[in-house]
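Pasted below: target-v3.cif, mmCIF, C-alpha atoms.
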```cif
data_my_file
loop_
_atom_site.group_PDB
_atom_site.id
_atom_site.type_symbol
_atom_site.label_atom_id
_atom_site.label_comp_id
_atom_site.auth_asym_id
_atom_site.auth_seq_id
_atom_site.Cartn_x
_atom_site.Cartn_y
_atom_site.Cartn_z
ATOM 1 C CA SER X 1 -28.049 -18.087 14.734
ATOM 2 C CA ALA X 2 -25.396 -16.849 17.142
ATOM 3 C CA ALA X 3 -24.692 -13.123 17.321
ATOM 4 C CA GLY X 4 -22.170 -12.193 14.658
ATOM 5 C CA HIS X 5 -22.904 -15.082 12.303
ATOM 6 C CA THR X 6 -25.283 -15.267 9.371
ATOM 7 C CA SER X 7 -27.279 -18.341 8.443
ATOM 8 C CA ASN X 8 -24.593 -19.337 5.920
ATOM 9 C CA GLY X 9 -21.874 -19.321 8.595
ATOM 10 C CA LYS X 10 -20.172 -16.136 7.392
ATOM 11 C CA ILE X 11 -19.240 -13.425 9.892
ATOM 12 C CA ALA X 12 -21.726 -10.532 9.754
ATOM 13 C CA PRO X 13 -20.734 -6.833 9.949
ATOM 14 C CA CYS X 14 -21.397 -4.947 13.191
ATOM 15 C CA ALA X 15 -23.435 -1.762 13.425
ATOM 16 C CA SER X 16 -21.877 1.223 15.193
ATOM 17 C CA GLY X 17 -22.709 1.216 18.839
ATOM 18 C CA ALA X 18 -24.359 -2.192 18.547
ATOM 19 C CA THR X 19 -23.953 -4.769 21.275
ATOM 20 C CA SER X 20 -24.368 -7.609 18.796
ATOM 21 C CA CYS X 21 -23.697 -8.041 15.096
ATOM 22 C CA ARG X 22 -26.404 -7.863 12.451
ATOM 23 C CA THR X 23 -26.191 -8.085 8.679
ATOM 24 C CA SER X 24 -28.594 -5.183 8.094
ATOM 25 C CA SER X 25 -26.502 -2.307 9.512
ATOM 26 C CA PRO X 26 -23.154 -1.331 8.021
ATOM 27 C CA CYS X 27 -20.621 0.563 10.105
ATOM 28 C CA ASP X 28 -21.162 4.327 10.196
ATOM 29 C CA SER X 29 -17.869 6.017 9.304
ATOM 30 C CA SER X 30 -18.916 9.241 11.047
ATOM 31 C CA GLN X 31 -18.732 7.524 14.448
ATOM 32 C CA PRO X 32 -15.588 7.876 16.591
ATOM 33 C CA GLN X 33 -15.230 4.082 16.632
ATOM 34 C CA SER X 34 -14.944 4.095 12.835
ATOM 35 C CA PHE X 35 -11.318 2.918 12.857
ATOM 36 C CA ALA X 36 -12.158 -0.022 15.107
ATOM 37 C CA HIS X 37 -15.109 -0.961 12.902
ATOM 38 C CA LYS X 38 -12.922 -0.820 9.780
ATOM 39 C CA ARG X 39 -10.453 -3.167 11.456
ATOM 40 C CA ILE X 40 -13.294 -5.497 12.460
ATOM 41 C CA ARG X 41 -14.554 -5.510 8.852
ATOM 42 C CA ALA X 42 -11.037 -6.399 7.660
ATOM 43 C CA VAL X 43 -10.920 -9.319 10.098
ATOM 44 C CA GLN X 44 -14.374 -10.433 8.950
ATOM 45 C CA ARG X 45 -13.201 -10.393 5.330
ATOM 46 C CA LYS X 46 -10.152 -12.468 6.255
ATOM 47 C CA LEU X 47 -12.320 -15.004 8.061
ATOM 48 C CA ASN X 48 -14.671 -15.138 5.066
ATOM 49 C CA GLY X 49 -11.844 -16.001 2.653
ATOM 50 C CA SER X 50 -11.168 -12.694 0.897
ATOM 51 C CA HIS X 51 -7.905 -12.403 -1.005
ATOM 52 C CA PRO X 52 -5.244 -10.715 1.194
ATOM 53 C CA GLY X 53 -4.303 -8.430 -1.713
ATOM 54 C CA ASP X 54 -7.853 -7.061 -1.909
ATOM 55 C CA ILE X 55 -7.755 -6.323 1.816
ATOM 56 C CA THR X 56 -4.341 -4.641 1.460
ATOM 57 C CA LEU X 57 -5.593 -2.460 -1.417
ATOM 58 C CA ASP X 58 -8.677 -1.436 0.540
ATOM 59 C CA ASP X 59 -6.525 -0.577 3.574
ATOM 60 C CA LEU X 60 -4.290 1.565 1.365
ATOM 61 C CA LYS X 61 -7.288 3.333 -0.185
ATOM 62 C CA GLU X 62 -8.861 3.972 3.233
ATOM 63 C CA SER X 63 -5.644 5.667 4.342
ATOM 64 C CA MET X 64 -5.915 8.189 1.461
ATOM 65 C CA SER X 65 -8.331 11.031 0.975
ATOM 66 C CA PRO X 66 -10.867 10.791 -1.900
ATOM 67 C CA PRO X 67 -9.154 13.575 -3.929
ATOM 68 C CA VAL X 68 -5.827 11.712 -3.714
ATOM 69 C CA ILE X 69 -7.459 8.460 -4.860
ATOM 70 C CA LYS X 70 -9.140 10.292 -7.750
ATOM 71 C CA GLU X 71 -5.808 11.804 -8.814
ATOM 72 C CA LEU X 72 -4.026 8.443 -8.564
ATOM 73 C CA LYS X 73 -6.717 6.822 -10.736
ATOM 74 C CA ALA X 74 -6.555 9.632 -13.301
ATOM 75 C CA GLU X 75 -2.782 9.335 -13.610
ATOM 76 C CA GLY X 76 -2.820 5.515 -13.732
ATOM 77 C CA PHE X 77 -0.880 5.127 -10.488
ATOM 78 C CA LEU X 78 -3.623 3.191 -8.718
ATOM 79 C CA SER X 79 -3.341 0.353 -11.237
ATOM 80 C CA SER X 80 0.439 0.362 -10.638
ATOM 81 C CA VAL X 81 -0.162 -0.015 -6.900
ATOM 82 C CA GLU X 82 -2.542 -2.869 -7.667
ATOM 83 C CA ASP X 83 0.134 -4.550 -9.803
ATOM 84 C CA ILE X 84 2.615 -4.269 -6.935
ATOM 85 C CA VAL X 85 0.166 -5.647 -4.346
ATOM 86 C CA PHE X 86 -0.827 -8.640 -6.501
ATOM 87 C CA GLY X 87 2.690 -9.299 -7.760
ATOM 88 C CA PRO X 88 4.090 -10.359 -11.112
ATOM 89 C CA GLN X 89 2.292 -12.741 -13.457
ATOM 90 C CA GLY X 90 2.681 -16.337 -12.361
ATOM 91 C CA CYS X 91 3.147 -15.730 -8.641
ATOM 92 C CA ASP X 92 0.775 -17.342 -6.119
ATOM 93 C CA ARG X 93 -0.999 -14.059 -5.359
ATOM 94 C CA GLN X 94 -1.800 -13.494 -9.015
ATOM 95 C CA ARG X 95 -3.039 -17.062 -9.598
ATOM 96 C CA LEU X 96 -5.216 -16.959 -6.487
ATOM 97 C CA ARG X 97 -6.646 -13.591 -7.517
ATOM 98 C CA GLU X 98 -7.610 -14.988 -10.909
ATOM 99 C CA GLN X 99 -9.213 -17.965 -9.146
ATOM 100 C CA VAL X 100 -11.319 -15.649 -6.975
ATOM 101 C CA GLN X 101 -12.313 -13.446 -9.924
ATOM 102 C CA VAL X 102 -13.146 -16.265 -12.356
ATOM 103 C CA VAL X 103 -14.641 -18.849 -10.026
ATOM 104 C CA GLY X 104 -15.959 -16.370 -7.471
ATOM 105 C CA SER X 105 -15.006 -18.620 -4.580
ATOM 106 C CA ALA X 106 -13.512 -17.692 -1.239
ATOM 107 C CA LEU X 107 -9.920 -18.685 -0.574
ATOM 108 C CA SER X 108 -9.162 -21.483 1.859
ATOM 109 C CA SER X 109 -6.985 -20.747 4.891
ATOM 110 C CA GLU X 110 -4.063 -22.426 3.150
ATOM 111 C CA GLU X 111 -4.513 -20.302 0.024
ATOM 112 C CA GLN X 112 -4.698 -17.129 2.106
ATOM 113 C CA VAL X 113 -1.469 -18.096 3.881
ATOM 114 C CA ARG X 114 0.261 -18.768 0.537
ATOM 115 C CA ALA X 115 -0.811 -15.347 -0.733
ATOM 116 C CA LEU X 116 0.325 -13.648 2.471
ATOM 117 C CA VAL X 117 3.727 -15.366 2.461
ATOM 118 C CA ASP X 118 4.169 -14.470 -1.203
ATOM 119 C CA GLN X 119 3.246 -10.845 -0.439
ATOM 120 C CA ALA X 120 5.479 -10.708 2.671
ATOM 121 C CA THR X 121 8.533 -12.005 0.796
ATOM 122 C CA ASP X 122 8.102 -10.016 -2.431
ATOM 123 C CA PRO X 123 11.281 -7.932 -2.943
ATOM 124 C CA ASN X 124 9.267 -5.309 -4.834
ATOM 125 C CA ILE X 125 7.084 -4.704 -1.768
ATOM 126 C CA LEU X 126 9.924 -5.084 0.733
ATOM 127 C CA GLY X 127 11.946 -2.494 -1.190
ATOM 128 C CA ARG X 128 9.099 0.016 -0.854
ATOM 129 C CA THR X 129 8.427 -0.517 2.854
ATOM 130 C CA TRP X 130 8.770 2.492 5.126
ATOM 131 C CA ALA X 131 12.362 2.825 6.374
ATOM 132 C CA GLY X 132 11.232 3.211 10.009
ATOM 133 C CA TRP X 133 9.115 0.049 9.992
ATOM 134 C CA MET X 134 10.041 -2.244 12.879
ATOM 135 C CA PRO X 135 8.242 -5.566 12.433
ATOM 136 C CA PHE X 136 10.023 -7.040 15.433
ATOM 137 C CA ALA X 137 8.674 -4.415 17.874
#
```
Target format structure tokens, applied to this file:
Amino acid sequence: SAAGHTSNGKIAPCASGATSCRTSSPCDSSQPQSFAHKRIRAVQRKLNGSHPGDITLDDLKESMSPPVIKELKAEGFLSSVEDIVFGPQGCDRQRLREQVQVVGSALSSEEQVRALVDQATDPNILGRTWAGWMPFA
């Protein structure tokens, strides 16, 4: 198989410092390239059909320290963040999440786009966006 692809066609994770991708070596977060490897893993998940909301939640969690995550879980705030990311009952993001959880299948490109558009136009998320965010820049 070509470097970076597994036998089932999915994109394989890269090892730190590796010149090619292999499925046996996860990224080492102690390496200085850790941020780049996390971004590469996020792209791999997108290409493999992960739900955009799951990727968003993981990105949010990776930006917080473990004690903060533990406190958010203990106080029930993490489930509130999850509710915001996946939207209200009946929206596309919620239906697609249930499809992934129940069926266990990857989302198609079209389904990922629907979830992303739904997430990008959700007033509840837009109202919480950082005031200095400049998406046009």
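If all atoms listed in the file are the atoms counted, then among X:Lys73, X:Arg39, X:His51, X:Lys46 the closest residue to Gln94 (chain X) is X:His51.
Using all atoms listed in the file, the protein and nucleic acid residues lying no more than 9 Å from Asp59 (chain X), apart from those fewer than 4 places from it along its own chain, are Lys38, Ala42, Asp54, Ile55 and Ser63 of chain X.
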On this file, the PyMOL selection byres ((chain X and resi 110-121) around 8) gives some set of residues; write that set as a list in words.
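With the PyMOL selection byres ((chain X and resi 110-121) around 8) on this model, the match is Gly49, Ser50, His51, Pro52, Gly53, Val85, Phe86, Gly87, Cys91, Asp92, Arg93, Leu96, Leu107, Ser108, Ser109, Asp122, Pro123, Ile125 and Leu126 of chain X.
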Smallest atom-to-atom distance to Ser80 (chain X): which of X:Ala131, X:Val100, X:Leu57, X:Val68, using all atoms listed in the file?
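Closest to Ser80 (chain X), using all atoms listed in the file: X:Leu57.
We find CA of Pro66 (chain X) and CA of Glu82 (chain X) to be spaced 17.0 Å apart.
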